[in-house]
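In what follows, a single structure is set out as structure tokens and then discussed.
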2 protein chains.
Amino acid sequence: MGGDNAPAAIVEGTLLAADRHSDVIEPILVGDEPVLRAELARQGAGGRGIRIVHAEQQIDMGEAGADAFRKKRDSSLSVATRLVRDGEADGLFSAGNTGAMVAASLLTIGRLKGVNRPALATPIPSSGEHAWAIVLDVGASAEVKPINLYQYGILGDAYFRILFNTPHPKVGLLNIGEETSKGSDSAREAHKLLADSHLNFVGNVEGADILWGGVDVVVTDGFTGNVMLKFAESIWSWTTGLARKEVGDHLLAKLGMLLLRPSLHRVKTRMDYSEYGGAPLLGVDGIAMVGHGRSNPKAVCNAIRFTGELHRKGLNQEISRDLQREQGGKVVGS
Amino acid sequence: MGGDNAPAAIVEGTLLAADRHSDVIEPILVGDEPVLRAELARQGAGGRGIRIVHAEQQIDMGEAGADAFRKKRDSSLSVATRLVRDGEADGLFSAGNTGAMVAASLLTIGRLKGVNRPALATPIPSSGEHAWAIVLDVGASAEVKPINLYQYGILGDAYFRILFNTPHPKVGLLNIGEETSKGSDSAREAHKLLADSHLNFVGNVEGADILWGGVDVVVTDGFTGNVMLKFAESIWSWTTGLARKEVGDHLLAKLGMLLLRPSLHRVKTRMDYSEYGGAPLLGVDGIAMVGHGRSNPKAVCNAIRFTGELHRKGLNQEISRDLQREQGGKVVGS
């Protein structure tokens, strides 16, 4: 029921996933049953037998996430996370309220042993070998301690290995200078922990380094990560708007734009992360995939496929194994 | 002596400023006297009588800023900040080591009464009435308390008023959500202080809001501001590189690029902040202007002109008056 285009886009994306990935995906729609039935019928899939689990309530985008989750015990999100907790589902996807999704996943599904705080991990285009880097956390927690940043390194490393089937991703700590001595106390302490870990830690990376491929996994706090990503996302549309205005009625420039369109389209495609459809909340004991509020059917379908893939490839088993290996007797995390 | 192109670009920019703004600017070059004399002669300005103040040492870009400043008592930066402290100069500009510049300004020139931490303020293009917003702090302090963020609001407000001759700039607090309850403890507390101030406080702004003109002064901590700005700066060159690669040998696309060049040039000019030439370190008892390490002569000239302008327009008197007005009996800052 969550997201700007729900339930139409969610149902359409779910049907796409059920069609294209029927060998590995068995979708369950969670939400207001009459509404979902009507939407399935409207999309000509009334007889497809897609399973529906009813939920009385829903959380709106504007609500304070954690509060809304606590108050609405029968929201679609609460019901969906309970399905994961109880083993009836292997993961969940929501394009709804991110704060509520984080709270629901944390409180209902629970954290993996050894993880203090889960982290949202989002792909970002890069000149690196795998054409993408990931950044985490991009907004699950506003406040972190060094131990959390260190754990983000472990979480991101496992995720990147699975995502790109590569053994030793380069893990970097986002900071305001490359030298070990740079940054906040928290960043300096996290630097030590990461340097002492089994990770392929490449040290501090600055904001200007991310796109150029020297790092695969960019570790940062959810405040910095969120602000940086949102600002970056806005640059494309803002600059495109500016360019359109400058082109205006200049005929030659308009022709130029037309001739360039295929190239620009390829650039845009290159930066389009809807292939992944969502950002997983890493560190919870199930696969919890957060979609963009504006998710279209294609993004929903990809996110569902991707949720299944992370489950099948054993993301959380990898993370748990790495955390145990890290601990080696000493206690990290809770 | 600081900056990637020193001393040639610095000397050339200084000569430009001396030519173009001789009515209001009297430049003093601080650094290795024989080197500077030779450079002046090389540029055909040996007889111009530009004043030189000799400094034995210089701080390199790669040195740890604060340490280097403490160790090198006769660096060009130390000597220049002493000139400002002693009233022999009204301000200084450096394209050198930013950390050293912050330390030298703080420790030699000193803070304005009521300011705990100075902040670097940088312009950023925007769709707003004045076509630019400013963001502060972008890297003077890695760690801040709510009181610092609040003071950044006062500093940025005064700076924006003088920069654009406008009475009530819209001041916003960078956060990860628009609601008052959002963000870190520090952001929430700063929100309260800013809301209670005399500023035209528009509340929290998210990373995606900055470019669209709803805010003139964006307050954030130096860690987040630095990472965000550096990441954003890298996007232009990275995306341009990608576009060039996509255009490649496609003849029609190459023609398109050619036809679009004037429009793209205007877009780039619109985003070129070298008009200001530098970012002032606000909150110190003098004008301290930090230039980009890659500053070319035009940027150096503009930064020098701009340094003089902020002095003449009484930036620090404005800030001091505002801080007193804010205090109104209660103590803010030290």
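So you can find residues: chains in the structure tokens are A, B, ... in the order shown, residues in each start at 1, and ligands are numbered from 1 in order.
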Could you pull the residues within 9 Å of Ala100 in chain B, counting only C-alpha atoms, minus those fewer than 4 positions along the same chain, as an MDAnalysis selection string? chainID B and resid 59 63:70 77 96 104:105
With N, CA and C atoms retained, write the just-selected residues as a compact mmCIF listing (two decimals), in the first residue's frame.
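Dumped to again-v8.txt:
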```
# COMPACT_ATOMS: atom_id res chain seq x y z
N ILE B 59 54.02 26.56 3.85
CA ILE B 59 53.33 25.32 4.20
C ILE B 59 52.85 24.67 2.90
N GLU B 63 50.78 18.95 3.83
CA GLU B 63 51.05 18.93 5.27
C GLU B 63 49.77 18.96 6.10
N ALA B 64 49.82 18.37 7.30
CA ALA B 64 48.69 18.46 8.23
C ALA B 64 48.60 19.91 8.67
N GLY B 65 47.51 20.57 8.30
CA GLY B 65 47.40 22.02 8.39
C GLY B 65 47.75 22.63 9.72
N ALA B 66 47.04 22.21 10.79
CA ALA B 66 47.22 22.85 12.08
C ALA B 66 48.64 22.62 12.61
N ASP B 67 49.15 21.40 12.44
CA ASP B 67 50.50 21.08 12.88
C ASP B 67 51.53 21.93 12.15
N ALA B 68 51.38 22.01 10.84
CA ALA B 68 52.33 22.76 10.02
C ALA B 68 52.34 24.22 10.45
N PHE B 69 51.15 24.75 10.71
CA PHE B 69 51.08 26.15 11.14
C PHE B 69 51.83 26.35 12.45
N ARG B 70 51.66 25.41 13.39
CA ARG B 70 52.30 25.56 14.70
C ARG B 70 53.83 25.45 14.58
N LEU B 77 51.88 32.09 5.55
CA LEU B 77 50.55 32.17 6.15
C LEU B 77 50.61 32.81 7.54
N GLY B 96 46.34 28.27 -0.52
CA GLY B 96 47.12 27.15 0.00
C GLY B 96 46.31 26.20 0.85
N ALA B 104 45.61 29.08 11.33
CA ALA B 104 46.33 30.35 11.43
C ALA B 104 45.36 31.50 11.71
N SER B 105 44.22 31.50 11.04
CA SER B 105 43.24 32.58 11.23
C SER B 105 42.69 32.55 12.64
```
Give me the residues of chain B that have any atom at most 6 Å from an atom of chain A; for each, the nearest atom pair and the distance in Å, rounded to one decimal. Use only C-alpha atoms, sort by chain and number, and format it as CSV.
```
residue,atom,partner,partner_atom,distance
B:Ala142,CA,A:Ser184,CA,5.0
B:Glu143,CA,A:Ser184,CA,5.6
B:Gly183,CA,A:Ala142,CA,5.5
B:Ser184,CA,A:Ala142,CA,5.0
B:Gly207,CA,A:Phe231,CA,4.1
B:Ala208,CA,A:Phe231,CA,4.6
B:Thr224,CA,A:Thr224,CA,5.1
B:Val227,CA,A:Gly207,CA,4.6
B:Met228,CA,A:Met228,CA,4.8
B:Lys230,CA,A:Gly207,CA,4.8
B:Phe231,CA,A:Gly207,CA,4.1
B:Ser234,CA,A:Ala208,CA,5.2
B:Glu246,CA,A:Ser263,CA,5.3
B:Val247,CA,A:Ser263,CA,5.7
B:Leu252,CA,A:Leu259,CA,5.9
B:Ala253,CA,A:Leu260,CA,4.8
B:Gly256,CA,A:Gly256,CA,3.6
B:Leu259,CA,A:Gly256,CA,4.8
B:Leu260,CA,A:Ala253,CA,4.8
B:Ser263,CA,A:Glu246,CA,5.4
```
Please run DSSP on the backbone and report, as a ChimeraX atom specification, all residues within range 73-306 of chain A that come out as helix (DSSP H, G or I). /A:76-85,98-109,146-164,185-195,207-212,222-247,251-270,273-275,297-306
Could you write out that same residue set with C-alpha atoms as an mmCIF file, in the first residue's frame?
```cif
data_model
loop_
_atom_site.group_PDB
_atom_site.id
_atom_site.type_symbol
_atom_site.label_atom_id
_atom_site.label_comp_id
_atom_site.auth_asym_id
_atom_site.auth_seq_id
_atom_site.Cartn_x
_atom_site.Cartn_y
_atom_site.Cartn_z
ATOM 1 C CA SER A 76 0.479 -3.475 5.747
ATOM 2 C CA LEU A 77 4.094 -2.925 6.786
ATOM 3 C CA SER A 78 3.583 -4.491 10.229
ATOM 4 C CA VAL A 79 1.833 -7.480 8.712
ATOM 5 C CA ALA A 80 4.527 -7.925 6.045
ATOM 6 C CA THR A 81 7.392 -7.778 8.549
ATOM 7 C CA ARG A 82 5.570 -10.333 10.721
ATOM 8 C CA LEU A 83 5.395 -12.659 7.709
ATOM 9 C CA VAL A 84 9.178 -12.401 7.417
ATOM 10 C CA ARG A 85 9.714 -12.828 11.146
ATOM 11 C CA THR A 98 11.289 4.695 4.768
ATOM 12 C CA GLY A 99 11.343 5.599 8.467
ATOM 13 C CA ALA A 100 8.470 3.206 9.131
ATOM 14 C CA MET A 101 10.201 0.489 7.110
ATOM 15 C CA VAL A 102 13.387 0.856 9.133
ATOM 16 C CA ALA A 103 11.482 0.812 12.444
ATOM 17 C CA ALA A 104 9.296 -2.135 11.425
ATOM 18 C CA SER A 105 12.242 -4.188 10.164
ATOM 19 C CA LEU A 106 14.304 -3.421 13.245
ATOM 20 C CA LEU A 107 11.568 -4.090 15.778
ATOM 21 C CA THR A 108 9.687 -6.940 14.134
ATOM 22 C CA ILE A 109 12.227 -8.862 12.061
ATOM 23 C CA PRO A 146 32.543 4.282 15.369
ATOM 24 C CA ILE A 147 31.474 0.670 15.978
ATOM 25 C CA ASN A 148 28.470 1.240 13.728
ATOM 26 C CA LEU A 149 30.602 2.617 10.902
ATOM 27 C CA TYR A 150 32.893 -0.387 11.267
ATOM 28 C CA GLN A 151 29.911 -2.732 11.049
ATOM 29 C CA TYR A 152 28.670 -0.878 7.969
ATOM 30 C CA GLY A 153 31.967 -1.853 6.396
ATOM 31 C CA ILE A 154 31.262 -5.540 7.087
ATOM 32 C CA LEU A 155 27.667 -5.249 5.854
ATOM 33 C CA GLY A 156 28.599 -3.351 2.700
ATOM 34 C CA ASP A 157 31.461 -5.687 1.877
ATOM 35 C CA ALA A 158 29.235 -8.774 2.007
ATOM 36 C CA TYR A 159 26.553 -7.030 -0.031
ATOM 37 C CA PHE A 160 28.972 -5.884 -2.721
ATOM 38 C CA ARG A 161 30.561 -9.336 -2.983
ATOM 39 C CA ILE A 162 27.161 -10.875 -3.624
ATOM 40 C CA LEU A 163 25.990 -8.097 -5.904
ATOM 41 C CA PHE A 164 29.004 -8.270 -8.213
ATOM 42 C CA ASP A 185 36.749 11.759 16.422
ATOM 43 C CA SER A 186 34.169 9.256 15.312
ATOM 44 C CA ALA A 187 35.681 8.951 11.834
ATOM 45 C CA ARG A 188 39.197 8.565 13.234
ATOM 46 C CA GLU A 189 38.110 5.805 15.587
ATOM 47 C CA ALA A 190 36.174 4.049 12.826
ATOM 48 C CA HIS A 191 39.267 4.283 10.620
ATOM 49 C CA LYS A 192 41.238 2.291 13.203
ATOM 50 C CA LEU A 193 38.559 -0.383 13.512
ATOM 51 C CA LEU A 194 38.265 -0.775 9.746
ATOM 52 C CA ALA A 195 42.031 -0.862 9.266
ATOM 53 C CA GLY A 207 33.495 13.250 -1.597
ATOM 54 C CA ALA A 208 35.361 13.943 -4.828
ATOM 55 C CA ASP A 209 36.789 10.383 -4.995
ATOM 56 C CA ILE A 210 33.585 8.355 -5.007
ATOM 57 C CA LEU A 211 32.728 8.412 -8.699
ATOM 58 C CA TRP A 212 36.218 7.671 -9.986
ATOM 59 C CA GLY A 222 23.225 8.035 7.643
ATOM 60 C CA PHE A 223 23.070 11.796 8.028
ATOM 61 C CA THR A 224 25.956 12.563 5.695
ATOM 62 C CA GLY A 225 25.009 9.771 3.286
ATOM 63 C CA ASN A 226 21.416 10.892 3.013
ATOM 64 C CA VAL A 227 22.190 14.565 2.498
ATOM 65 C CA MET A 228 24.907 13.820 -0.052
ATOM 66 C CA LEU A 229 22.795 11.400 -2.092
ATOM 67 C CA LYS A 230 19.718 13.592 -2.138
ATOM 68 C CA PHE A 231 21.748 16.603 -3.159
ATOM 69 C CA ALA A 232 23.449 14.594 -5.900
ATOM 70 C CA GLU A 233 20.153 13.240 -7.226
ATOM 71 C CA SER A 234 18.780 16.767 -7.509
ATOM 72 C CA ILE A 235 21.747 17.955 -9.574
ATOM 73 C CA TRP A 236 20.762 15.962 -12.658
ATOM 74 C CA SER A 237 17.234 17.362 -12.916
ATOM 75 C CA TRP A 238 18.307 20.857 -11.923
ATOM 76 C CA THR A 239 21.126 21.002 -14.474
ATOM 77 C CA THR A 240 18.975 19.465 -17.199
ATOM 78 C CA GLY A 241 16.365 22.152 -16.530
ATOM 79 C CA LEU A 242 19.043 24.827 -16.759
ATOM 80 C CA ALA A 243 20.355 23.389 -20.042
ATOM 81 C CA ARG A 244 16.834 23.287 -21.511
ATOM 82 C CA LYS A 245 16.340 26.907 -20.590
ATOM 83 C CA GLU A 246 19.651 27.881 -22.157
ATOM 84 C CA VAL A 247 18.802 26.000 -25.340
ATOM 85 C CA LEU A 251 17.225 26.492 -33.417
ATOM 86 C CA LEU A 252 20.770 25.217 -33.839
ATOM 87 C CA ALA A 253 21.032 24.355 -30.162
ATOM 88 C CA LYS A 254 17.692 22.549 -30.379
ATOM 89 C CA LEU A 255 19.008 20.550 -33.321
ATOM 90 C CA GLY A 256 22.145 19.841 -31.298
ATOM 91 C CA MET A 257 20.011 18.544 -28.432
ATOM 92 C CA LEU A 258 18.133 16.286 -30.853
ATOM 93 C CA LEU A 259 21.338 14.850 -32.310
ATOM 94 C CA LEU A 260 22.747 14.303 -28.847
ATOM 95 C CA ARG A 261 19.640 12.631 -27.476
ATOM 96 C CA PRO A 262 20.779 9.021 -28.020
ATOM 97 C CA SER A 263 24.109 9.690 -26.288
ATOM 98 C CA LEU A 264 22.468 11.530 -23.409
ATOM 99 C CA HIS A 265 19.961 8.738 -23.094
ATOM 100 C CA ARG A 266 22.817 6.249 -22.729
ATOM 101 C CA VAL A 267 24.412 8.465 -20.065
ATOM 102 C CA LYS A 268 21.134 8.592 -18.192
ATOM 103 C CA THR A 269 20.665 4.825 -18.470
ATOM 104 C CA ARG A 270 24.182 4.361 -17.161
ATOM 105 C CA TYR A 273 19.755 2.576 -10.523
ATOM 106 C CA SER A 274 16.201 1.334 -11.037
ATOM 107 C CA GLU A 275 17.860 -1.828 -12.325
ATOM 108 C CA PRO A 297 6.216 -1.135 -12.174
ATOM 109 C CA LYS A 298 9.638 -1.899 -13.681
ATOM 110 C CA ALA A 299 11.421 -0.768 -10.509
ATOM 111 C CA VAL A 300 8.998 -2.765 -8.360
ATOM 112 C CA CYS A 301 9.561 -5.884 -10.458
ATOM 113 C CA ASN A 302 13.338 -5.480 -10.276
ATOM 114 C CA ALA A 303 13.250 -4.866 -6.539
ATOM 115 C CA ILE A 304 11.209 -8.027 -5.996
ATOM 116 C CA ARG A 305 13.576 -10.069 -8.172
ATOM 117 C CA PHE A 306 16.523 -8.542 -6.332
#
```
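Across A:Asp216, A:Pro123, A:Glu326, A:His311, the tightest approach to Gly277 in chain A is made by A:Pro123 when counting only C-alpha atoms.
Separating CA of Gly13 in chain A from CA of Gly286 in chain A is a distance of 21.2 Å.
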Record the distance separating CA of Ala95 in chain A and CA of Ile287 in chain A, expressed in Å with one decimal. 14.3 Å
Applying 7 Å and only C-alpha atoms, which residues near range 20-36 of chain B remain after dropping the ones on its own chain fewer than 6 positions away? List them as a list in words. Met1, Thr14, Ile50, Arg51, Ile52, Val53, His54, Ala55, Glu56, Ser76, Ala80 and Gly308 of chain B
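Comparing the minimum interatomic distances between Gly293 in chain B and each of B:Glu12, B:Asn97, B:Pro280, B:Gln58, counting only C-alpha atoms, we find that B:Asn97 sits nearest.
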